[in-house]
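coords_30.cif (mmCIF, N, CA and C atoms)
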```cif
data_model
loop_
_atom_site.label_atom_id
_atom_site.label_comp_id
_atom_site.auth_asym_id
_atom_site.auth_seq_id
_atom_site.Cartn_x
_atom_site.Cartn_y
_atom_site.Cartn_z
N MET H 1 -52.11 -68.07 172.31
CA MET H 1 -52.86 -69.28 172.04
C MET H 1 -52.12 -70.47 172.60
N LYS H 2 -52.85 -71.39 173.15
CA LYS H 2 -52.26 -72.57 173.79
C LYS H 2 -51.75 -73.55 172.73
N GLU H 3 -50.54 -74.03 172.92
CA GLU H 3 -49.93 -75.01 172.01
C GLU H 3 -50.45 -76.39 172.38
N THR H 4 -51.07 -77.07 171.43
CA THR H 4 -51.59 -78.41 171.71
C THR H 4 -50.50 -79.44 171.43
N GLU H 5 -50.61 -80.54 172.13
CA GLU H 5 -49.63 -81.61 171.97
C GLU H 5 -49.91 -82.35 170.67
N LYS H 6 -48.87 -82.54 169.88
CA LYS H 6 -48.99 -83.26 168.61
C LYS H 6 -48.75 -84.74 168.86
N ARG H 7 -49.72 -85.54 168.48
CA ARG H 7 -49.62 -86.98 168.70
C ARG H 7 -49.18 -87.69 167.43
N VAL H 8 -48.50 -88.79 167.61
CA VAL H 8 -48.13 -89.65 166.50
C VAL H 8 -49.31 -90.59 166.25
N PRO H 9 -49.76 -90.70 165.00
CA PRO H 9 -50.92 -91.56 164.75
C PRO H 9 -50.57 -93.03 164.93
N SER H 10 -51.54 -93.79 165.39
CA SER H 10 -51.34 -95.23 165.52
C SER H 10 -51.41 -95.86 164.13
N LEU H 11 -51.02 -97.11 164.06
CA LEU H 11 -51.05 -97.83 162.78
C LEU H 11 -52.48 -97.93 162.27
N SER H 12 -53.41 -98.25 163.13
CA SER H 12 -54.81 -98.38 162.69
C SER H 12 -55.38 -97.03 162.25
N TYR H 13 -55.00 -95.95 162.92
CA TYR H 13 -55.46 -94.62 162.52
C TYR H 13 -54.91 -94.26 161.14
N SER H 14 -53.64 -94.57 160.91
CA SER H 14 -53.01 -94.28 159.62
C SER H 14 -53.64 -95.09 158.50
N ILE H 15 -53.84 -96.39 158.75
CA ILE H 15 -54.46 -97.24 157.73
C ILE H 15 -55.89 -96.78 157.45
N GLY H 16 -56.61 -96.41 158.49
CA GLY H 16 -57.97 -95.91 158.31
C GLY H 16 -58.00 -94.62 157.50
N ALA H 17 -57.07 -93.71 157.78
CA ALA H 17 -57.02 -92.45 157.03
C ALA H 17 -56.69 -92.70 155.57
N ILE H 18 -55.73 -93.58 155.30
CA ILE H 18 -55.35 -93.89 153.92
C ILE H 18 -56.52 -94.56 153.20
N ALA H 19 -57.19 -95.50 153.87
CA ALA H 19 -58.34 -96.18 153.25
C ALA H 19 -59.47 -95.18 152.97
N PHE H 20 -59.70 -94.26 153.90
CA PHE H 20 -60.74 -93.26 153.71
C PHE H 20 -60.44 -92.37 152.50
N ILE H 21 -59.20 -91.90 152.41
CA ILE H 21 -58.82 -91.02 151.31
C ILE H 21 -58.87 -91.77 149.98
N ALA H 22 -58.34 -93.00 149.95
CA ALA H 22 -58.38 -93.79 148.72
C ALA H 22 -59.82 -94.08 148.31
N GLY H 23 -60.67 -94.39 149.28
CA GLY H 23 -62.08 -94.62 148.98
C GLY H 23 -62.78 -93.37 148.47
N LEU H 24 -62.44 -92.23 149.06
CA LEU H 24 -63.02 -90.96 148.62
C LEU H 24 -62.64 -90.67 147.17
N VAL H 25 -61.37 -90.80 146.85
CA VAL H 25 -60.90 -90.51 145.49
C VAL H 25 -61.48 -91.52 144.49
N ALA H 26 -61.35 -92.80 144.81
CA ALA H 26 -61.85 -93.83 143.89
C ALA H 26 -63.37 -93.76 143.74
N GLY H 27 -64.08 -93.57 144.84
CA GLY H 27 -65.54 -93.48 144.78
C GLY H 27 -66.01 -92.29 143.96
N GLY H 28 -65.38 -91.16 144.15
CA GLY H 28 -65.75 -89.97 143.39
C GLY H 28 -65.51 -90.14 141.91
N MET H 29 -64.41 -90.80 141.57
CA MET H 29 -64.10 -91.01 140.15
C MET H 29 -65.01 -92.07 139.53
N LEU H 30 -65.30 -93.14 140.27
CA LEU H 30 -66.10 -94.23 139.71
C LEU H 30 -67.60 -93.91 139.68
N PHE H 31 -68.13 -93.39 140.77
CA PHE H 31 -69.57 -93.20 140.87
C PHE H 31 -70.05 -91.86 140.34
N PHE H 32 -69.23 -90.82 140.50
CA PHE H 32 -69.65 -89.49 140.06
C PHE H 32 -68.91 -89.01 138.82
N HIS H 33 -67.97 -89.82 138.33
CA HIS H 33 -67.18 -89.50 137.14
C HIS H 33 -66.48 -88.14 137.29
N ALA H 34 -66.04 -87.86 138.50
CA ALA H 34 -65.35 -86.61 138.80
C ALA H 34 -63.89 -86.71 138.34
N PRO H 35 -63.30 -85.61 137.90
CA PRO H 35 -61.88 -85.65 137.50
C PRO H 35 -60.97 -85.89 138.72
N LEU H 36 -59.83 -86.48 138.45
CA LEU H 36 -58.89 -86.81 139.51
C LEU H 36 -58.45 -85.57 140.28
N GLN H 37 -58.21 -84.47 139.58
CA GLN H 37 -57.75 -83.26 140.24
C GLN H 37 -58.76 -82.78 141.29
N LEU H 38 -60.04 -82.84 140.95
CA LEU H 38 -61.07 -82.41 141.90
C LEU H 38 -61.11 -83.34 143.10
N MET H 39 -60.97 -84.64 142.86
CA MET H 39 -61.01 -85.58 143.97
C MET H 39 -59.77 -85.45 144.85
N MET H 40 -58.63 -85.11 144.28
CA MET H 40 -57.44 -84.87 145.09
C MET H 40 -57.62 -83.62 145.96
N LEU H 41 -58.30 -82.61 145.42
CA LEU H 41 -58.60 -81.42 146.22
C LEU H 41 -59.53 -81.78 147.38
N PHE H 42 -60.55 -82.59 147.11
CA PHE H 42 -61.44 -83.05 148.18
C PHE H 42 -60.66 -83.88 149.21
N ALA H 43 -59.71 -84.67 148.74
CA ALA H 43 -58.89 -85.48 149.65
C ALA H 43 -58.09 -84.57 150.57
N LEU H 44 -57.56 -83.47 150.03
CA LEU H 44 -56.83 -82.52 150.86
C LEU H 44 -57.75 -81.93 151.93
N PHE H 45 -58.96 -81.56 151.52
CA PHE H 45 -59.91 -81.02 152.49
C PHE H 45 -60.29 -82.06 153.55
N ALA H 46 -60.34 -83.33 153.16
CA ALA H 46 -60.66 -84.39 154.11
C ALA H 46 -59.50 -84.65 155.06
N LEU H 47 -58.29 -84.40 154.62
CA LEU H 47 -57.12 -84.63 155.47
C LEU H 47 -56.97 -83.56 156.55
N ILE H 48 -57.52 -82.40 156.34
CA ILE H 48 -57.36 -81.32 157.31
C ILE H 48 -57.94 -81.71 158.68
N PRO H 49 -59.19 -82.19 158.78
CA PRO H 49 -59.67 -82.59 160.11
C PRO H 49 -58.94 -83.81 160.68
N ILE H 50 -58.46 -84.68 159.78
CA ILE H 50 -57.70 -85.84 160.26
C ILE H 50 -56.41 -85.37 160.94
N GLY H 51 -55.72 -84.42 160.32
CA GLY H 51 -54.50 -83.87 160.90
C GLY H 51 -54.77 -83.04 162.14
N MET H 52 -55.87 -82.29 162.13
CA MET H 52 -56.19 -81.45 163.28
C MET H 52 -56.57 -82.31 164.49
N ARG H 53 -57.12 -83.48 164.26
CA ARG H 53 -57.45 -84.39 165.37
C ARG H 53 -56.18 -84.87 166.07
N LEU H 54 -55.06 -84.86 165.35
CA LEU H 54 -53.78 -85.27 165.94
C LEU H 54 -53.06 -84.11 166.64
N GLY H 55 -53.67 -82.93 166.62
CA GLY H 55 -53.08 -81.80 167.33
C GLY H 55 -52.40 -80.78 166.44
N TYR H 56 -52.48 -80.93 165.13
CA TYR H 56 -51.88 -79.98 164.21
C TYR H 56 -52.89 -78.89 163.88
N THR H 57 -52.40 -77.68 163.64
CA THR H 57 -53.29 -76.58 163.26
C THR H 57 -53.53 -76.62 161.76
N PHE H 58 -54.53 -75.86 161.33
CA PHE H 58 -54.83 -75.78 159.91
C PHE H 58 -53.62 -75.27 159.14
N SER H 59 -52.94 -74.29 159.69
CA SER H 59 -51.77 -73.71 159.04
C SER H 59 -50.65 -74.74 158.87
N GLU H 60 -50.45 -75.57 159.88
CA GLU H 60 -49.41 -76.61 159.79
C GLU H 60 -49.76 -77.66 158.74
N VAL H 61 -51.02 -78.05 158.68
CA VAL H 61 -51.45 -79.02 157.66
C VAL H 61 -51.28 -78.41 156.27
N GLU H 62 -51.65 -77.15 156.15
CA GLU H 62 -51.53 -76.44 154.87
C GLU H 62 -50.06 -76.34 154.45
N ASN H 63 -49.17 -75.99 155.37
CA ASN H 63 -47.75 -75.90 155.05
C ASN H 63 -47.17 -77.25 154.67
N PHE H 64 -47.60 -78.30 155.36
CA PHE H 64 -47.13 -79.64 155.04
C PHE H 64 -47.56 -80.03 153.62
N ALA H 65 -48.82 -79.74 153.26
CA ALA H 65 -49.29 -80.05 151.91
C ALA H 65 -48.50 -79.26 150.86
N TYR H 66 -48.22 -78.00 151.16
CA TYR H 66 -47.44 -77.17 150.23
C TYR H 66 -46.03 -77.73 150.04
N GLU H 67 -45.39 -78.14 151.11
CA GLU H 67 -44.04 -78.71 151.02
C GLU H 67 -44.04 -80.01 150.22
N MET H 68 -45.05 -80.84 150.40
CA MET H 68 -45.13 -82.09 149.65
C MET H 68 -45.34 -81.82 148.16
N MET H 69 -46.14 -80.80 147.84
CA MET H 69 -46.35 -80.44 146.43
C MET H 69 -45.05 -79.94 145.80
N LYS H 70 -44.27 -79.17 146.57
CA LYS H 70 -42.99 -78.69 146.05
C LYS H 70 -42.05 -79.86 145.77
N GLN H 71 -42.04 -80.87 146.65
CA GLN H 71 -41.17 -82.02 146.45
C GLN H 71 -41.63 -82.87 145.27
N ALA H 72 -42.92 -82.93 145.01
CA ALA H 72 -43.44 -83.76 143.92
C ALA H 72 -43.32 -83.08 142.57
N MET H 73 -43.01 -81.79 142.54
CA MET H 73 -42.97 -81.06 141.28
C MET H 73 -41.86 -81.54 140.35
N MET H 74 -40.67 -81.78 140.86
CA MET H 74 -39.55 -82.20 140.00
C MET H 74 -39.78 -83.58 139.38
N PRO H 75 -40.19 -84.60 140.13
CA PRO H 75 -40.50 -85.87 139.46
C PRO H 75 -41.62 -85.75 138.43
N ALA H 76 -42.62 -84.92 138.72
CA ALA H 76 -43.71 -84.75 137.75
C ALA H 76 -43.20 -84.10 136.47
N LEU H 77 -42.35 -83.09 136.60
CA LEU H 77 -41.79 -82.45 135.42
C LEU H 77 -40.88 -83.40 134.64
N LEU H 78 -40.16 -84.26 135.35
CA LEU H 78 -39.33 -85.26 134.69
C LEU H 78 -40.18 -86.21 133.86
N ILE H 79 -41.27 -86.69 134.42
CA ILE H 79 -42.14 -87.61 133.70
C ILE H 79 -42.78 -86.92 132.49
N ILE H 80 -43.17 -85.67 132.64
CA ILE H 80 -43.74 -84.92 131.52
C ILE H 80 -42.72 -84.73 130.42
N SER H 81 -41.48 -84.39 130.77
CA SER H 81 -40.45 -84.17 129.75
C SER H 81 -40.07 -85.47 129.06
N VAL H 82 -40.03 -86.58 129.78
CA VAL H 82 -39.75 -87.87 129.15
C VAL H 82 -40.89 -88.24 128.20
N GLY H 83 -42.12 -87.96 128.59
CA GLY H 83 -43.26 -88.20 127.70
C GLY H 83 -43.17 -87.39 126.43
N ALA H 84 -42.75 -86.12 126.55
CA ALA H 84 -42.58 -85.28 125.36
C ALA H 84 -41.46 -85.81 124.47
N LEU H 85 -40.38 -86.29 125.08
CA LEU H 85 -39.28 -86.86 124.32
C LEU H 85 -39.74 -88.09 123.54
N ILE H 86 -40.46 -88.99 124.19
CA ILE H 86 -40.93 -90.20 123.53
C ILE H 86 -41.92 -89.86 122.43
N ALA H 87 -42.81 -88.91 122.68
CA ALA H 87 -43.77 -88.50 121.65
C ALA H 87 -43.06 -87.95 120.42
N SER H 88 -42.02 -87.15 120.64
CA SER H 88 -41.29 -86.61 119.49
C SER H 88 -40.54 -87.70 118.74
N TRP H 89 -40.02 -88.69 119.46
CA TRP H 89 -39.34 -89.82 118.79
C TRP H 89 -40.32 -90.62 117.96
N ILE H 90 -41.50 -90.87 118.50
CA ILE H 90 -42.50 -91.65 117.76
C ILE H 90 -42.98 -90.85 116.55
N LEU H 91 -43.23 -89.56 116.73
CA LEU H 91 -43.71 -88.70 115.66
C LEU H 91 -42.68 -88.56 114.54
N SER H 92 -41.40 -88.46 114.91
CA SER H 92 -40.36 -88.29 113.90
C SER H 92 -39.96 -89.60 113.22
N GLY H 93 -40.41 -90.73 113.75
CA GLY H 93 -40.10 -92.01 113.12
C GLY H 93 -38.88 -92.70 113.70
N THR H 94 -38.34 -92.19 114.77
CA THR H 94 -37.15 -92.81 115.36
C THR H 94 -37.46 -94.18 115.92
N VAL H 95 -38.54 -94.29 116.68
CA VAL H 95 -38.90 -95.57 117.29
C VAL H 95 -39.26 -96.61 116.22
N PRO H 96 -40.11 -96.27 115.22
CA PRO H 96 -40.38 -97.27 114.18
C PRO H 96 -39.12 -97.67 113.39
N ALA H 97 -38.20 -96.72 113.18
CA ALA H 97 -36.96 -97.06 112.48
C ALA H 97 -36.11 -98.02 113.29
N ILE H 98 -36.05 -97.81 114.59
CA ILE H 98 -35.27 -98.71 115.45
C ILE H 98 -35.89 -100.10 115.45
N ILE H 99 -37.21 -100.16 115.50
CA ILE H 99 -37.88 -101.46 115.50
C ILE H 99 -37.67 -102.16 114.16
N SER H 100 -37.83 -101.45 113.08
CA SER H 100 -37.63 -102.03 111.75
C SER H 100 -36.20 -102.50 111.56
N LEU H 101 -35.25 -101.67 111.95
CA LEU H 101 -33.84 -102.04 111.84
C LEU H 101 -33.54 -103.26 112.70
N GLY H 102 -34.08 -103.27 113.89
CA GLY H 102 -33.84 -104.41 114.78
C GLY H 102 -34.40 -105.70 114.25
N LEU H 103 -35.55 -105.65 113.60
CA LEU H 103 -36.17 -106.87 113.09
C LEU H 103 -35.54 -107.36 111.80
N THR H 104 -34.98 -106.46 111.00
CA THR H 104 -34.40 -106.88 109.72
C THR H 104 -32.91 -107.19 109.80
N VAL H 105 -32.17 -106.48 110.60
CA VAL H 105 -30.72 -106.61 110.61
C VAL H 105 -30.23 -107.61 111.67
N LEU H 106 -30.83 -107.57 112.83
CA LEU H 106 -30.31 -108.37 113.94
C LEU H 106 -30.76 -109.82 113.87
N SER H 107 -29.88 -110.67 114.25
CA SER H 107 -30.18 -112.09 114.34
C SER H 107 -30.93 -112.37 115.65
N PRO H 108 -31.97 -113.20 115.62
CA PRO H 108 -32.68 -113.52 116.86
C PRO H 108 -31.77 -114.13 117.92
N LYS H 109 -30.67 -114.69 117.48
CA LYS H 109 -29.73 -115.32 118.41
C LYS H 109 -29.09 -114.28 119.34
N TYR H 110 -28.88 -113.07 118.84
CA TYR H 110 -28.17 -112.03 119.60
C TYR H 110 -29.07 -110.86 120.00
N ILE H 111 -30.36 -110.99 119.82
CA ILE H 111 -31.25 -109.84 120.03
C ILE H 111 -31.22 -109.32 121.47
N LEU H 112 -31.14 -110.20 122.47
CA LEU H 112 -31.13 -109.74 123.86
C LEU H 112 -29.86 -108.97 124.21
N VAL H 113 -28.72 -109.48 123.78
CA VAL H 113 -27.45 -108.81 124.07
C VAL H 113 -27.38 -107.47 123.37
N ILE H 114 -27.75 -107.44 122.10
CA ILE H 114 -27.68 -106.18 121.35
C ILE H 114 -28.71 -105.18 121.89
N SER H 115 -29.89 -105.65 122.26
CA SER H 115 -30.90 -104.76 122.84
C SER H 115 -30.39 -104.14 124.14
N PHE H 116 -29.75 -104.96 124.97
CA PHE H 116 -29.19 -104.45 126.22
C PHE H 116 -28.13 -103.38 125.95
N LEU H 117 -27.22 -103.66 125.03
CA LEU H 117 -26.15 -102.69 124.72
C LEU H 117 -26.73 -101.42 124.11
N PHE H 118 -27.70 -101.56 123.22
CA PHE H 118 -28.30 -100.38 122.60
C PHE H 118 -29.04 -99.53 123.62
N CYS H 119 -29.80 -100.18 124.50
CA CYS H 119 -30.53 -99.43 125.54
C CYS H 119 -29.56 -98.74 126.49
N SER H 120 -28.46 -99.40 126.82
CA SER H 120 -27.45 -98.78 127.68
C SER H 120 -26.85 -97.56 127.00
N LEU H 121 -26.56 -97.65 125.71
CA LEU H 121 -25.99 -96.53 124.96
C LEU H 121 -26.99 -95.37 124.90
N VAL H 122 -28.23 -95.66 124.58
CA VAL H 122 -29.24 -94.59 124.49
C VAL H 122 -29.43 -93.93 125.85
N SER H 123 -29.49 -94.71 126.92
CA SER H 123 -29.64 -94.14 128.26
C SER H 123 -28.48 -93.23 128.61
N PHE H 124 -27.28 -93.64 128.23
CA PHE H 124 -26.10 -92.83 128.51
C PHE H 124 -26.12 -91.54 127.69
N LEU H 125 -26.50 -91.63 126.40
CA LEU H 125 -26.46 -90.46 125.54
C LEU H 125 -27.53 -89.42 125.87
N ILE H 126 -28.75 -89.86 126.19
CA ILE H 126 -29.79 -88.88 126.49
C ILE H 126 -29.85 -88.52 127.97
N GLY H 127 -29.16 -89.28 128.80
CA GLY H 127 -29.06 -88.93 130.21
C GLY H 127 -30.22 -89.38 131.06
N THR H 128 -31.07 -90.24 130.54
CA THR H 128 -32.18 -90.73 131.34
C THR H 128 -32.53 -92.16 130.96
N SER H 129 -32.60 -93.00 131.95
CA SER H 129 -33.05 -94.37 131.70
C SER H 129 -34.56 -94.41 131.54
N TRP H 130 -35.26 -93.41 132.07
CA TRP H 130 -36.72 -93.35 131.95
C TRP H 130 -37.12 -93.26 130.48
N GLY H 131 -36.40 -92.46 129.71
CA GLY H 131 -36.69 -92.33 128.28
C GLY H 131 -36.49 -93.62 127.54
N THR H 132 -35.46 -94.36 127.91
CA THR H 132 -35.20 -95.64 127.26
C THR H 132 -36.27 -96.65 127.62
N VAL H 133 -36.66 -96.69 128.88
CA VAL H 133 -37.71 -97.63 129.30
C VAL H 133 -39.03 -97.28 128.62
N ALA H 134 -39.35 -96.01 128.52
CA ALA H 134 -40.60 -95.60 127.89
C ALA H 134 -40.61 -95.94 126.40
N THR H 135 -39.46 -95.86 125.76
CA THR H 135 -39.38 -96.21 124.34
C THR H 135 -39.58 -97.69 124.15
#
```
Translate this structure into structure tokens?
Amino acid sequence: MKETEKRVPSLSYSIGAIAFIAGLVAGGMLFFHAPLQLMMLFALFALIPIGMRLGYTFSEVENFAYEMMKQAMMPALLIISVGALIASWILSGTVPAIISLGLTVLSPKYILVISFLFCSLVSFLIGTSWGTVAT
């Protein structure tokens, strides 16, 4: 099989492709009330001819999508685990206790400094600043 030359997309081609995909996803969700997952699948199908027009084969586009999904898996799992951590803190009363303690014990004069130190300590102890920000 003949190897086709792979072209680099121009700026206008890239912006057009992004606008088309964003419009497809947003339009499907707004007008047809379709779930995001289904619209992302349609976006993948819409990207295949866009990539093939640049000289890539279906297999190459498919492999690229698979590699991007593998890279996105760890951040997605991190966000899910932080969400579970925050939910358990709220359910167990940790967050309301911290808020109550902060409002009754701390002086408004020092609230920013103490909040900064407390957030730094919590981030260090649980190993994630995402959990502290979410709290």
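Atom CA of H:Phe58 is positioned 14.4 Å from atom CA of H:Glu5.
Those residues returned by the PyMOL selection byres ((chain H and resi 131) around 8) for this file are Ser81, Val82, Gly83, Leu85, Ile86, Val122, Ser123, Ile126, Gly127, Thr128, Ser129, Trp130, Thr132, Val133, Ala134 and Thr135 of chain H.
Atom CA of H:Ile21 lies 9.4 Å from atom CA of H:Met39.
The space between atom C of H:Val25 and atom N of H:Met40 spans 7.0 Å.
When all atoms listed in the file are used to compute distances to H:Thr57, the closest of the residues H:Phe116, H:Leu44, H:Thr4, H:Gln37 turns out to be H:Thr4.
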**Request:** Starting from the point (-53.9, -78.2, 160.2), work out which residues of protein, DNA or RNA have an atom no more than 8 Å away when counting all atoms listed in the file; state them as number ranges by chain.
**Result:** H: 47-53, 55-64
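Distance annotation: of H:Ala84, H:Ala72, H:Phe118, H:Leu54, the residue with the minimal separation from H:Pro9 is H:Leu54; atom set is only C-alpha atoms.
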**Item:** helix (DSSP H, G or I) per DSSP on the backbone: members of chain H, as an MDAnalysis selection string
**Value:** chainID H and resid 11:31 36:53 58:92 94:105 111:126 129:134
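For the residues H:Val95, H:Ala65, H:Val8, H:Ala19, ranking by smallest atom-to-atom distance to H:Leu41 using only C-alpha atoms places H:Ala65 first.
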